[in-house]
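Chemist: File name upload_18.txt; file contents compact mmCIF, C-alpha atoms; full text below.
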```txt
# COMPACT_ATOMS: atom_id res chain seq x y z
CA MET A 1 -10.26 -33.16 10.75
CA ASP A 2 -8.26 -32.50 7.55
CA PRO A 3 -6.04 -29.37 7.32
CA VAL A 4 -8.14 -27.58 4.70
CA THR A 5 -11.25 -27.94 6.87
CA ILE A 6 -9.36 -26.66 9.92
CA ALA A 7 -7.99 -23.70 7.94
CA MET A 8 -11.47 -22.83 6.67
CA ALA A 9 -12.83 -23.13 10.19
CA VAL A 10 -10.15 -20.78 11.57
CA PHE A 11 -10.75 -18.30 8.76
CA ALA A 12 -14.53 -18.44 9.28
CA LEU A 13 -13.96 -17.89 12.99
CA MET A 14 -11.89 -14.77 12.26
CA LEU A 15 -14.59 -13.38 9.97
CA ALA A 16 -17.29 -14.16 12.53
CA VAL A 17 -15.37 -12.36 15.27
CA LEU A 18 -14.73 -9.39 12.98
CA ALA A 19 -18.43 -9.28 12.08
CA THR A 20 -19.24 -8.55 15.73
CA GLY A 21 -17.57 -5.16 15.34
CA MET A 22 -14.62 -6.08 17.55
CA TRP A 23 -11.37 -4.24 16.89
CA VAL A 24 -9.16 -6.08 14.40
CA PHE A 25 -6.29 -6.75 16.82
CA LEU A 26 -8.68 -8.19 19.44
CA ALA A 27 -10.40 -10.27 16.77
CA LEU A 28 -7.06 -11.77 15.69
CA ALA A 29 -6.07 -12.60 19.27
CA THR A 30 -9.50 -14.04 20.03
CA ALA A 31 -9.47 -16.21 16.92
CA ALA A 32 -5.99 -17.48 17.79
CA ALA A 33 -6.90 -18.31 21.38
CA LEU A 34 -10.18 -20.04 20.47
CA SER A 35 -8.46 -22.04 17.73
CA LEU A 36 -5.80 -23.34 20.12
CA LEU A 37 -8.51 -24.15 22.66
CA ALA A 38 -10.83 -25.91 20.21
CA PHE A 39 -8.43 -27.67 17.85
CA GLN A 40 -5.37 -28.29 20.04
CA GLY A 41 -6.98 -28.62 23.46
CA PHE A 42 -4.50 -26.21 25.04
CA SER A 43 -5.32 -24.94 28.52
CA PRO A 44 -5.99 -21.19 29.04
CA ASP A 45 -2.74 -20.90 31.02
CA ARG A 46 -0.68 -22.35 28.19
CA ILE A 47 -2.45 -20.14 25.63
CA GLY A 48 -1.70 -17.10 27.78
CA ALA A 49 1.97 -18.06 28.07
CA ILE A 50 2.24 -18.50 24.29
CA ALA A 51 0.48 -15.19 23.63
CA SER A 52 2.63 -13.18 26.04
CA ARG A 53 5.88 -14.63 24.68
CA ILE A 54 4.96 -14.08 21.03
CA ILE A 55 3.53 -10.58 21.54
CA VAL A 56 6.57 -9.36 23.48
CA ARG A 57 8.93 -10.77 20.87
CA SER A 58 6.93 -9.20 18.03
CA ALA A 59 6.77 -5.81 19.75
CA SER A 60 10.56 -5.84 20.13
CA SER A 61 11.20 -6.08 16.39
CA TRP A 62 13.58 -3.29 15.34
CA GLU A 63 12.14 -3.21 11.80
CA LEU A 64 8.78 -2.07 13.18
CA ALA A 65 10.40 1.18 14.33
CA ALA A 66 10.12 2.36 10.72
CA VAL A 67 6.32 2.20 10.78
CA PRO A 68 5.54 5.07 13.21
CA MET A 69 8.32 7.21 11.71
CA PHE A 70 7.04 6.88 8.14
CA ILE A 71 3.49 7.50 9.35
CA TRP A 72 4.65 10.65 11.16
CA MET A 73 6.51 11.84 8.07
CA GLY A 74 3.32 11.43 6.02
CA GLU A 75 1.31 13.33 8.63
CA ILE A 76 3.80 16.22 8.52
CA MET A 77 3.66 16.35 4.73
CA PHE A 78 -0.13 16.22 4.80
CA ARG A 79 -0.14 19.44 6.85
CA THR A 80 2.20 21.36 4.55
CA ASP A 81 1.70 22.80 1.06
CA ILE A 82 3.77 20.07 -0.59
CA SER A 83 0.81 18.75 -2.59
CA GLU A 84 0.01 22.24 -3.89
CA ARG A 85 3.65 22.73 -4.87
CA LEU A 86 3.62 19.30 -6.53
CA TYR A 87 0.56 20.22 -8.63
CA LYS A 88 2.07 23.55 -9.66
CA GLY A 89 5.33 21.88 -10.62
CA LEU A 90 3.75 19.07 -12.65
CA SER A 91 1.06 21.11 -14.43
CA PRO A 92 3.37 22.84 -16.96
CA LEU A 93 5.03 19.51 -17.76
CA VAL A 94 1.81 17.70 -18.71
CA ALA A 95 -0.49 20.50 -19.89
CA ARG A 96 0.14 19.82 -23.59
CA VAL A 97 0.20 16.01 -23.36
CA PRO A 98 -3.04 14.24 -24.42
CA GLY A 99 -5.03 14.06 -21.20
CA GLY A 100 -3.53 17.30 -19.95
CA LEU A 101 -3.77 17.94 -16.24
CA LEU A 102 -5.35 14.54 -15.61
CA HIS A 103 -1.78 13.25 -15.56
CA THR A 104 -1.14 15.28 -12.40
CA ASN A 105 -3.23 12.67 -10.56
CA VAL A 106 -0.98 9.86 -11.77
CA LEU A 107 2.40 11.57 -11.53
CA GLY A 108 1.50 13.42 -8.35
CA SER A 109 0.33 10.23 -6.65
CA ALA A 110 3.42 8.30 -7.78
CA LEU A 111 5.75 10.99 -6.44
CA PHE A 112 3.86 11.59 -3.21
CA ALA A 113 3.72 7.83 -2.64
CA ALA A 114 7.51 7.95 -2.46
CA VAL A 115 7.32 10.13 0.66
CA SER A 116 4.14 8.95 2.39
CA GLY A 117 4.01 5.13 2.41
CA SER A 118 0.21 5.22 2.68
CA SER A 119 -2.48 4.82 0.05
CA ALA A 120 -5.10 6.84 1.95
CA ALA A 121 -2.65 9.68 2.65
CA THR A 122 -1.57 9.79 -1.00
CA THR A 123 -5.16 9.86 -2.27
CA ALA A 124 -6.30 12.50 0.21
CA THR A 125 -3.28 14.79 -0.14
CA VAL A 126 -3.10 14.77 -3.94
CA GLY A 127 -6.87 14.69 -4.39
CA ARG A 128 -7.67 17.72 -2.26
CA ILE A 129 -5.67 19.86 -4.73
CA THR A 130 -6.16 18.23 -8.13
CA THR A 131 -9.88 17.44 -7.87
CA ASN A 132 -10.97 21.07 -7.43
CA GLU A 133 -8.60 22.28 -10.14
CA LEU A 134 -9.78 19.67 -12.65
CA ASN A 135 -13.45 20.35 -11.90
CA GLN A 136 -13.01 24.09 -12.37
CA ARG A 137 -11.26 23.55 -15.71
CA GLY A 138 -14.03 21.28 -17.04
CA TYR A 139 -12.22 17.96 -17.02
CA SER A 140 -14.18 14.69 -17.03
CA GLN A 141 -15.21 13.83 -13.48
CA SER A 142 -15.10 10.10 -14.20
CA LEU A 143 -11.50 10.24 -15.42
CA ALA A 144 -10.42 12.64 -12.68
CA LEU A 145 -11.81 10.59 -9.81
CA GLY A 146 -11.11 7.20 -11.41
CA SER A 147 -7.46 8.00 -12.08
CA LEU A 148 -7.10 9.31 -8.52
CA ALA A 149 -8.58 6.10 -7.06
CA GLY A 150 -6.18 4.01 -9.13
CA ALA A 151 -3.04 6.11 -8.77
CA GLY A 152 -3.64 6.82 -5.08
CA SER A 153 -3.24 3.12 -4.35
CA LEU A 154 0.40 3.38 -5.49
CA GLY A 155 1.11 4.62 -1.97
CA LEU A 156 1.17 0.95 -0.94
CA LEU A 157 3.64 -0.14 -3.61
CA ILE A 158 6.13 2.62 -4.31
CA PRO A 159 8.68 2.81 -1.46
CA PRO A 160 8.72 3.67 1.35
CA SER A 161 5.64 1.50 1.89
CA ILE A 162 4.23 0.65 5.31
CA VAL A 163 2.58 -2.48 3.93
CA LEU A 164 5.90 -3.69 2.48
CA ILE A 165 7.53 -3.18 5.87
CA ILE A 166 4.83 -5.30 7.48
CA TYR A 167 5.24 -8.01 4.84
CA GLY A 168 9.00 -7.96 5.28
CA VAL A 169 8.72 -8.37 9.05
CA LEU A 170 6.21 -11.23 8.83
CA ALA A 171 7.91 -13.02 5.91
CA GLU A 172 11.40 -12.38 7.30
CA VAL A 173 12.78 -10.96 4.04
CA SER A 174 14.87 -7.86 3.38
CA ILE A 175 12.78 -4.70 3.58
CA ALA A 176 15.37 -2.79 1.52
CA LYS A 177 15.04 -5.37 -1.28
CA LEU A 178 11.24 -5.20 -1.07
CA PHE A 179 11.41 -1.41 -1.38
CA ILE A 180 13.54 -1.49 -4.51
CA ALA A 181 11.43 -4.34 -5.95
CA GLY A 182 8.36 -2.10 -5.83
CA VAL A 183 9.87 0.65 -7.98
CA LEU A 184 9.57 -0.83 -11.48
CA PRO A 185 6.06 -2.34 -10.95
CA GLY A 186 4.94 1.04 -9.57
CA ILE A 187 6.34 2.86 -12.61
CA MET A 188 4.75 0.29 -14.93
CA ILE A 189 1.30 0.79 -13.38
CA ALA A 190 1.68 4.59 -13.54
CA CYS A 191 2.64 4.30 -17.23
CA LEU A 192 -0.39 2.10 -17.95
CA TYR A 193 -2.65 4.68 -16.32
CA ALA A 194 -1.03 7.57 -18.21
CA ALA A 195 -1.30 5.69 -21.52
CA TYR A 196 -4.99 4.97 -20.89
CA LEU A 197 -5.72 8.63 -20.07
CA ALA A 198 -3.87 9.79 -23.19
CA ALA A 199 -5.66 7.28 -25.45
CA LYS A 200 -9.07 8.10 -23.95
CA CYS A 201 -8.59 11.84 -24.39
CA LEU A 202 -7.26 11.47 -27.94
CA GLN A 203 -10.45 9.58 -28.73
CA ALA A 204 -12.66 12.18 -26.98
CA PRO A 205 -10.78 15.51 -26.61
CA HIS A 206 -13.67 17.14 -24.73
CA LEU A 207 -12.83 14.98 -21.70
CA ALA A 208 -9.67 17.05 -21.14
CA PRO A 209 -10.09 20.66 -22.31
CA ALA A 210 -6.98 22.68 -23.11
CA SER A 211 -5.76 24.47 -19.99
CA GLU A 212 -3.90 27.73 -19.63
CA ILE A 213 -0.90 27.62 -17.32
CA ASP A 214 0.39 30.64 -15.42
CA PRO A 215 3.59 31.70 -17.28
CA ASP A 216 5.27 32.44 -13.96
CA GLU A 217 4.75 28.81 -12.88
CA ALA A 218 5.94 27.43 -16.24
CA SER A 219 9.52 28.67 -16.04
CA PRO A 220 12.18 25.99 -15.40
CA LEU A 221 13.19 27.73 -12.17
CA ALA A 222 9.60 27.76 -10.85
CA ILE A 223 9.10 24.09 -11.77
CA LEU A 224 12.33 23.14 -10.02
CA ARG A 225 11.38 25.18 -6.94
CA ASN A 226 7.97 23.52 -6.68
CA LEU A 227 9.20 19.97 -7.21
CA ALA A 228 12.33 20.28 -5.07
CA PRO A 229 10.67 19.37 -1.71
CA VAL A 230 9.30 16.06 -3.01
CA PHE A 231 12.46 15.06 -4.86
CA GLY A 232 14.55 16.14 -1.90
CA LEU A 233 12.63 13.90 0.49
CA ILE A 234 12.77 10.98 -1.95
CA ALA A 235 16.54 11.42 -2.30
CA VAL A 236 17.06 11.67 1.47
CA VAL A 237 14.94 8.65 2.41
CA LEU A 238 15.61 6.20 -0.42
CA GLY A 239 19.13 7.45 -1.06
CA SER A 240 20.15 6.77 2.52
CA ILE A 241 18.82 3.19 2.24
CA TYR A 242 20.33 2.22 -1.11
CA THR A 243 23.73 3.78 -0.47
CA GLY A 244 23.91 1.58 2.62
CA TRP A 245 24.20 4.60 4.87
CA ALA A 246 21.02 3.80 6.83
CA THR A 247 18.62 0.95 7.47
CA PRO A 248 14.93 1.47 6.56
CA SER A 249 14.16 2.28 10.21
CA GLU A 250 17.00 4.83 10.38
CA ALA A 251 15.98 6.26 7.00
CA ALA A 252 12.46 6.80 8.36
CA ALA A 253 13.87 8.91 11.18
CA ILE A 254 15.98 10.84 8.69
CA GLY A 255 12.83 11.41 6.62
CA VAL A 256 10.99 12.84 9.63
CA PHE A 257 13.90 15.21 10.30
CA ALA A 258 13.92 16.29 6.64
CA ALA A 259 10.13 16.81 6.67
CA LEU A 260 10.34 18.93 9.83
CA THR A 261 13.21 20.91 8.29
CA PHE A 262 11.15 21.62 5.17
CA ALA A 263 8.14 22.65 7.26
CA GLY A 264 10.34 24.95 9.35
CA LEU A 265 12.16 26.56 6.41
CA SER A 266 8.85 27.17 4.60
CA GLY A 267 7.30 28.77 7.68
CA GLN A 268 4.65 26.08 8.14
CA LEU A 269 5.96 24.49 11.33
CA SER A 270 3.83 25.46 14.33
CA ARG A 271 2.98 24.02 17.70
CA SER A 272 -0.53 23.02 16.59
CA MET A 273 0.81 21.45 13.38
CA LEU A 274 3.45 19.48 15.28
CA SER A 275 1.06 18.27 17.99
CA GLY A 276 -1.64 17.37 15.44
CA SER A 277 0.78 15.32 13.34
CA LEU A 278 2.13 13.55 16.44
CA VAL A 279 -1.32 12.65 17.78
CA ASN A 280 -2.53 11.24 14.46
CA ALA A 281 0.72 9.37 13.89
CA LEU A 282 0.51 7.91 17.42
CA LYS A 283 -3.08 6.72 16.90
CA THR A 284 -2.32 5.10 13.55
CA SER A 285 0.95 3.56 14.75
CA CYS A 286 -0.67 2.03 17.83
CA MET A 287 -3.38 0.51 15.65
CA VAL A 288 -0.87 -0.97 13.17
CA CYS A 289 1.51 -2.30 15.84
CA ALA A 290 -1.32 -3.81 17.89
CA ILE A 291 -2.56 -5.63 14.79
CA LEU A 292 0.93 -6.91 14.02
CA MET A 293 1.52 -8.21 17.54
CA CYS A 294 -1.76 -10.10 17.58
CA ALA A 295 -1.14 -11.28 14.02
CA ALA A 296 2.12 -12.83 15.22
CA PHE A 297 0.11 -14.69 17.90
CA LEU A 298 -2.33 -15.89 15.24
CA SER A 299 0.55 -17.01 13.01
CA SER A 300 2.00 -19.02 15.89
CA ALA A 301 -1.40 -20.58 16.61
CA ILE A 302 -1.69 -21.61 12.96
CA GLY A 303 1.81 -23.05 13.20
CA TYR A 304 0.91 -25.09 16.28
CA MET A 305 -1.98 -26.58 14.29
CA HIS A 306 0.42 -27.40 11.39
CA ILE A 307 -1.98 -25.72 8.96
CA PRO A 308 0.66 -24.20 6.59
CA ARG A 309 2.61 -27.44 6.34
CA ASP A 310 -0.47 -29.60 5.82
CA ILE A 311 -2.11 -27.25 3.30
CA ALA A 312 1.16 -26.97 1.39
CA ALA A 313 1.28 -30.76 1.22
CA ALA A 314 -2.38 -30.92 0.15
CA ILE A 315 -1.86 -28.37 -2.62
CA GLU A 316 1.30 -30.13 -3.74
CA ALA A 317 -0.73 -33.32 -4.00
CA LEU A 318 -3.18 -31.55 -6.36
CA ASP A 319 -0.23 -30.97 -8.71
CA LEU A 320 -1.40 -27.47 -9.67
CA SER A 321 0.79 -25.58 -12.10
CA PRO A 322 2.45 -22.45 -10.65
CA TYR A 323 0.38 -20.20 -12.89
CA LEU A 324 -2.87 -21.87 -11.84
CA LEU A 325 -1.86 -21.51 -8.19
CA ILE A 326 -1.17 -17.78 -8.60
CA ALA A 327 -4.46 -17.33 -10.48
CA ALA A 328 -6.34 -19.00 -7.63
CA LEU A 329 -4.55 -16.82 -5.07
CA ALA A 330 -5.33 -13.70 -7.12
CA VAL A 331 -9.05 -14.48 -7.07
CA PHE A 332 -8.79 -15.28 -3.35
CA TYR A 333 -7.17 -11.93 -2.56
CA ILE A 334 -9.57 -9.93 -4.71
CA LEU A 335 -12.46 -11.51 -2.79
CA LEU A 336 -10.77 -10.71 0.53
CA GLY A 337 -10.32 -7.12 -0.65
CA PHE A 338 -14.10 -6.72 -0.76
CA PHE A 339 -14.25 -7.07 3.02
CA LEU A 340 -10.84 -6.51 4.65
CA ASP A 341 -8.16 -3.83 4.73
CA GLY A 342 -4.65 -4.49 3.45
CA ILE A 343 -2.91 -5.09 6.77
CA SER A 344 -5.59 -7.54 7.88
CA ILE A 345 -5.30 -9.42 4.59
CA ILE A 346 -1.56 -9.84 4.99
CA VAL A 347 -1.53 -10.91 8.62
CA MET A 348 -4.45 -13.32 8.23
CA SER A 349 -3.37 -15.05 5.03
CA LEU A 350 0.42 -14.95 4.91
CA PRO A 351 1.11 -17.81 7.35
CA ILE A 352 -0.91 -20.08 5.07
CA THR A 353 -0.05 -18.81 1.59
CA LEU A 354 3.67 -18.00 1.90
CA PRO A 355 4.89 -21.60 2.42
CA VAL A 356 2.69 -22.69 -0.47
CA VAL A 357 4.02 -20.16 -3.00
CA ILE A 358 7.64 -20.71 -1.92
CA GLY A 359 7.09 -24.43 -2.32
CA ALA A 360 5.79 -23.75 -5.84
CA GLY A 361 9.07 -22.04 -6.69
CA PHE A 362 8.13 -18.35 -6.40
CA ASP A 363 10.55 -15.83 -4.93
CA PRO A 364 9.29 -14.34 -1.62
CA ILE A 365 10.36 -10.85 -2.79
CA TRP A 366 8.27 -11.26 -5.95
CA TYR A 367 5.37 -12.62 -3.93
CA GLY A 368 5.49 -9.59 -1.63
CA ILE A 369 5.04 -7.25 -4.60
CA PHE A 370 2.29 -9.46 -6.02
CA LEU A 371 0.49 -9.45 -2.67
CA VAL A 372 0.72 -5.65 -2.33
CA ILE A 373 -0.76 -5.17 -5.81
CA MET A 374 -3.60 -7.50 -4.85
CA ILE A 375 -4.19 -5.31 -1.79
CA GLU A 376 -4.11 -2.22 -4.01
CA LEU A 377 -6.94 -3.74 -6.04
CA GLY A 378 -8.91 -4.02 -2.81
CA GLN A 379 -8.45 -0.27 -2.28
CA MET A 380 -10.67 0.25 -5.36
CA THR A 381 -13.45 -2.22 -4.59
CA PRO A 382 -16.48 -1.62 -2.36
CA PRO A 383 -17.59 -2.05 0.33
CA VAL A 384 -14.25 -1.59 2.16
CA GLY A 385 -12.21 0.21 -0.54
CA PHE A 386 -10.46 2.89 1.52
CA ASN A 387 -9.56 5.00 -1.53
CA LEU A 388 -13.22 5.11 -2.54
CA PHE A 389 -14.24 6.39 0.90
CA VAL A 390 -11.48 9.01 0.88
CA ILE A 391 -12.58 10.30 -2.53
CA GLN A 392 -16.23 10.25 -1.54
CA GLY A 393 -15.35 12.29 1.55
CA PHE A 394 -13.79 15.25 -0.24
CA SER A 395 -15.74 15.09 -3.53
CA GLY A 396 -19.26 14.30 -2.30
CA VAL A 397 -19.75 11.80 -5.16
CA PRO A 398 -21.62 8.62 -4.09
CA ILE A 399 -19.33 5.68 -3.51
CA HIS A 400 -20.99 3.48 -6.15
CA LYS A 401 -20.17 6.12 -8.78
CA VAL A 402 -16.58 6.43 -7.58
CA ALA A 403 -16.28 2.63 -7.82
CA ALA A 404 -17.62 2.70 -11.39
CA TYR A 405 -15.16 5.47 -12.31
CA ALA A 406 -12.30 3.38 -10.86
CA LEU A 407 -13.21 0.21 -12.82
CA PRO A 408 -10.96 0.86 -15.88
CA PHE A 409 -8.01 1.49 -13.57
CA PHE A 410 -8.83 -1.66 -11.61
CA LEU A 411 -8.64 -3.62 -14.87
CA LEU A 412 -5.37 -1.93 -15.83
CA MET A 413 -3.88 -2.99 -12.51
CA CYS A 414 -5.07 -6.55 -13.20
CA LEU A 415 -3.19 -6.31 -16.51
CA ALA A 416 -0.10 -5.22 -14.56
CA VAL A 417 -0.40 -8.35 -12.41
CA VAL A 418 -0.59 -10.55 -15.51
CA LEU A 419 2.52 -8.87 -16.94
CA MET A 420 4.38 -9.34 -13.67
CA VAL A 421 3.46 -13.03 -13.54
CA ILE A 422 4.64 -13.55 -17.13
CA PHE A 423 7.75 -11.40 -16.63
CA PRO A 424 8.76 -11.77 -12.95
CA GLN A 425 11.96 -9.78 -13.59
CA ILE A 426 9.83 -6.63 -13.54
CA ALA A 427 9.93 -7.00 -9.77
CA LEU A 428 13.18 -8.94 -9.36
CA TRP A 429 15.63 -7.22 -11.71
CA LEU A 430 16.47 -4.22 -9.52
CA PRO A 431 16.95 -6.21 -6.27
CA GLU A 432 19.16 -8.71 -8.09
CA ALA A 433 21.16 -5.96 -9.81
CA LEU A 434 21.81 -4.13 -6.54
CA SER A 435 22.84 -7.31 -4.70
CA ARG A 436 25.56 -8.18 -7.21
```
Show me this structure written as structure tokens.
Modeler:
Amino acid sequence: MDPVTIAMAVFALMLAVLATGMWVFLALATAAALSLLAFQGFSPDRIGAIASRIIVRSASSWELAAVPMFIWMGEIMFRTDISERLYKGLSPLVARVPGGLLHTNVLGSALFAAVSGSSAATTATVGRITTNELNQRGYSQSLALGSLAGAGSLGLLIPPSIVLIIYGVLAEVSIAKLFIAGVLPGIMIACLYAAYLAAKCLQAPHLAPASEIDPDEASPLAILRNLAPVFGLIAVVLGSIYTGWATPSEAAAIGVFAALTFAGLSGQLSRSMLSGSLVNALKTSCMVCAILMCAAFLSSAIGYMHIPRDIAAAIEALDLSPYLLIAALAVFYILLGFFLDGISIIVMSLPITLPVVIGAGFDPIWYGIFLVIMIELGQMTPPVGFNLFVIQGFSGVPIHKVAAYALPFFLLMCLAVVLMVIFPQIALWLPEALSR
């Protein structure tokens, strides 16, 4: 059987197992075990020995320690008034810009993404404040919810990003370099969104009525006071990484300490808040780590079957241009985004696609950013677009309408991908500059 057929069979097997409703981590392990049994003829004992060795080694990865800490930091922030402070601090700065307070969705999501690492957490935390305010002030619902769906996905790209940590562990590349590589693409996407909102509202001013801002909240001191918690956390977490004072895992622990300090100083730290954040962080972390351990088993199974090497050779024989290869992968990932979450997409596809793109001459740091943006696009597409479900949950708007509202921002993110393919230094300039 040729390698492409085997790869398609393994992928179809994974989808079939997932379609049964089995948990993702069990589906990955099951697909790996059945593939080794069917295509390699390995005995159950040998499969068990491989699985136990790979899973233990994967679970012992020091880089994974950052995942539960960043998740816990996001949970703490979710239970404080940081999003309300963020809205109050940004509102006076954007009130007189075309688009007005709609820009609080974009700027608020970009800033909160720098302390949460999660797309769903960013969308929910920013959206629960801005959506009600924008509705009460008569802003366009389509632009309010659409911009939130698009900007909320920046939680996956702007560091610290849980998805980038996972990519870094699986691809064995520097997580610190991945973090800094995501900054300029994240800013570029936020600028595209802001420019679209401004242009749309200049064309139709009724979409963003003029808003009165409380004079007490518009003073420089009040703005600084409201924005200080977010900028403080960004400085503590990212500053400790890029000064070389801490690794990403250590910076995550520092971020948790800073978040707890903020909650305590602001009088919001309580036993129920602490226990609730711990329980949710534990649940999410166990889910993510279980998926990663079983994904490592699946990656090893694919390696035993020589699928990456053989597919890379087959694609090389087709003599596809690098641009055509990336275009094909972009379509492939957009289709996957209709059905799978971001972590599943990475762990299922990376063992096959990474050797191919490296063989085509692409930088693995650049490819990590490209892959995360592709996953962000999936956050805005039904039926498994997490951002759409989050927005539907707190707004009550049917998911098909939320998806329609998000379409312009989906297309703008596609434009960002095109720009990044044409100008790869958008993602690579900062990592290269810092490594000199």
Chemist: For Ile50 (chain A), work out the shell of residues within 10 Å, counting all atoms listed in the file and skipping chain neighbours fewer than 5 positions away, then give it as a PyMOL selection string.
Modeler: chain A and resi 33+44-45+55+297+300-301
Chemist: Around region 246-251 of chain A, with edges along x, y and z and 3 Å added on all six sides, what centre and edge lengths do you get, in Å to one decimal, as lines of an AutoDock Vina configuration file?
Modeler:
```
center_x = 17.6
center_y = 3.6
center_z = 8.5
size_x = 12.9
size_y = 11.3
size_z = 9.8
```
Chemist: From the options A:Ala416, A:Ala328, A:Met380, A:Leu143, which residue's atoms come nearest to Thr123 (chain A), counting all atoms listed in the file?
Modeler: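 Closest residue, counting all atoms listed in the file: A:Met380.
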Chemist: What's the separation between CA of Thr125 (chain A) and CA of Ser109 (chain A), in Å to one decimal place?
Modeler: 8.7 Å
Chemist: Report, in Å with one decimal, the straight-line distance from CA of Ser119 (chain A) to CA of Ser161 (chain A).
Modeler: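 So the answer is 9.0 Å.
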Chemist: Rounded to one decimal in Å, what is the spacing between CA of Ala246 (chain A) and CA of Ala113 (chain A)?
Modeler: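 Answer for the CA of Ala246 (chain A) to CA of Ala113 (chain A) separation: 20.1 Å.
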Chemist: Between A:Ala208, A:Ile175, A:Ala59, A:Ala222, which residue has the minimum interatomic distance to Pro431 (chain A), considering all atoms listed in the file?
Modeler: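 Smallest distance to Pro431 (chain A) is found for A:Ile175.
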Chemist: Considering only C-alpha atoms, can you say which of A:Val390, A:Leu170, A:Val106, A:Ala29 comes closest to Ile343 (chain A)?
Modeler: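 Nearest to Ile343 (chain A): A:Leu170.
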Chemist: With only C-alpha atoms as the counted atoms, please give the residues lying no more than 8 Å from Ile223 (chain A), apart from itself and same-chain residues fewer than 3 positions off, as an NGL selection string.
Modeler: :A and (88-90 or 92 or 217-220 or 226-227)
Chemist: For Asp81 (chain A), which of A:Val10, A:Ala259, A:Ile54, A:Cys294 is the closest residue, counting all atoms listed in the file?
Modeler: A:Ala259
Chemist: Could you tell me which of A:Leu412, A:Val236, A:Leu377, A:Leu178 comes closest to Ala195 (chain A) if we count all atoms listed in the file?
Modeler: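 Closest to Ala195 (chain A) of all the choices is A:Leu412.
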Chemist: Excluding Thr261 (chain A) and any residue of its chain fewer than 5 positions from it, enumerate the residues within 12 Å of it, using all atoms listed in the file, and give them as a PDB file with C-alpha atoms, in the frame of the given file.
Modeler:
```pdb
ATOM      1  CA  MET A  73       6.510  11.840   8.070  1.00  0.00           C
ATOM      2  CA  ILE A  76       3.800  16.220   8.520  1.00  0.00           C
ATOM      3  CA  MET A  77       3.660  16.350   4.730  1.00  0.00           C
ATOM      4  CA  THR A  80       2.200  21.360   4.550  1.00  0.00           C
ATOM      5  CA  PRO A 229      10.670  19.370  -1.710  1.00  0.00           C
ATOM      6  CA  GLY A 232      14.550  16.140  -1.900  1.00  0.00           C
ATOM      7  CA  LEU A 233      12.630  13.900   0.490  1.00  0.00           C
ATOM      8  CA  ILE A 254      15.980  10.840   8.690  1.00  0.00           C
ATOM      9  CA  GLY A 255      12.830  11.410   6.620  1.00  0.00           C
ATOM     10  CA  VAL A 256      10.990  12.840   9.630  1.00  0.00           C
ATOM     11  CA  SER A 266       8.850  27.170   4.600  1.00  0.00           C
ATOM     12  CA  GLY A 267       7.300  28.770   7.680  1.00  0.00           C
ATOM     13  CA  GLN A 268       4.650  26.080   8.140  1.00  0.00           C
ATOM     14  CA  LEU A 269       5.960  24.490  11.330  1.00  0.00           C
TER      15      LEU A 269
END
```
Chemist: Just want the 10 Å neighbourhood of Asp363 (chain A), counted on only C-alpha atoms, with same-chain residues fewer than 5 positions away dropped. Output as a CSV table (one decimal) with C-alpha atoms, in the frame of the given file.
Modeler:
```csv
chain,number,residue,atom,x,y,z
A,354,LEU,CA,3.7,-18.0,1.9
A,357,VAL,CA,4.0,-20.2,-3.0
A,358,ILE,CA,7.6,-20.7,-1.9
A,368,GLY,CA,5.5,-9.6,-1.6
A,424,PRO,CA,8.8,-11.8,-13.0
A,428,LEU,CA,13.2,-8.9,-9.4
```
Chemist: Taking into account only C-alpha atoms, which residue in the set A:Ala327, A:Ala114, A:Val402, A:Leu292 is nearest to Leu26 (chain A)?
Modeler: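 When distances to Leu26 (chain A) are compared using only C-alpha atoms, the smallest one comes from A:Leu292.
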Chemist: Find the residues with any atom within 10 Å of (14.2, -3.6, 0.3); use only C-alpha atoms and the coordinates as given in the file, and write the answer as a list in words.
Modeler: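 Final list of nearby residues, as requested, is Pro159, Pro160, Leu164, Ile165, Gly168, Val173, Ser174, Ile175, Ala176, Lys177, Leu178, Phe179, Ile180, Ala181, Gly182, Leu238, Ile241, Tyr242, Thr247, Pro248, Ile365 and Pro431 of chain A.
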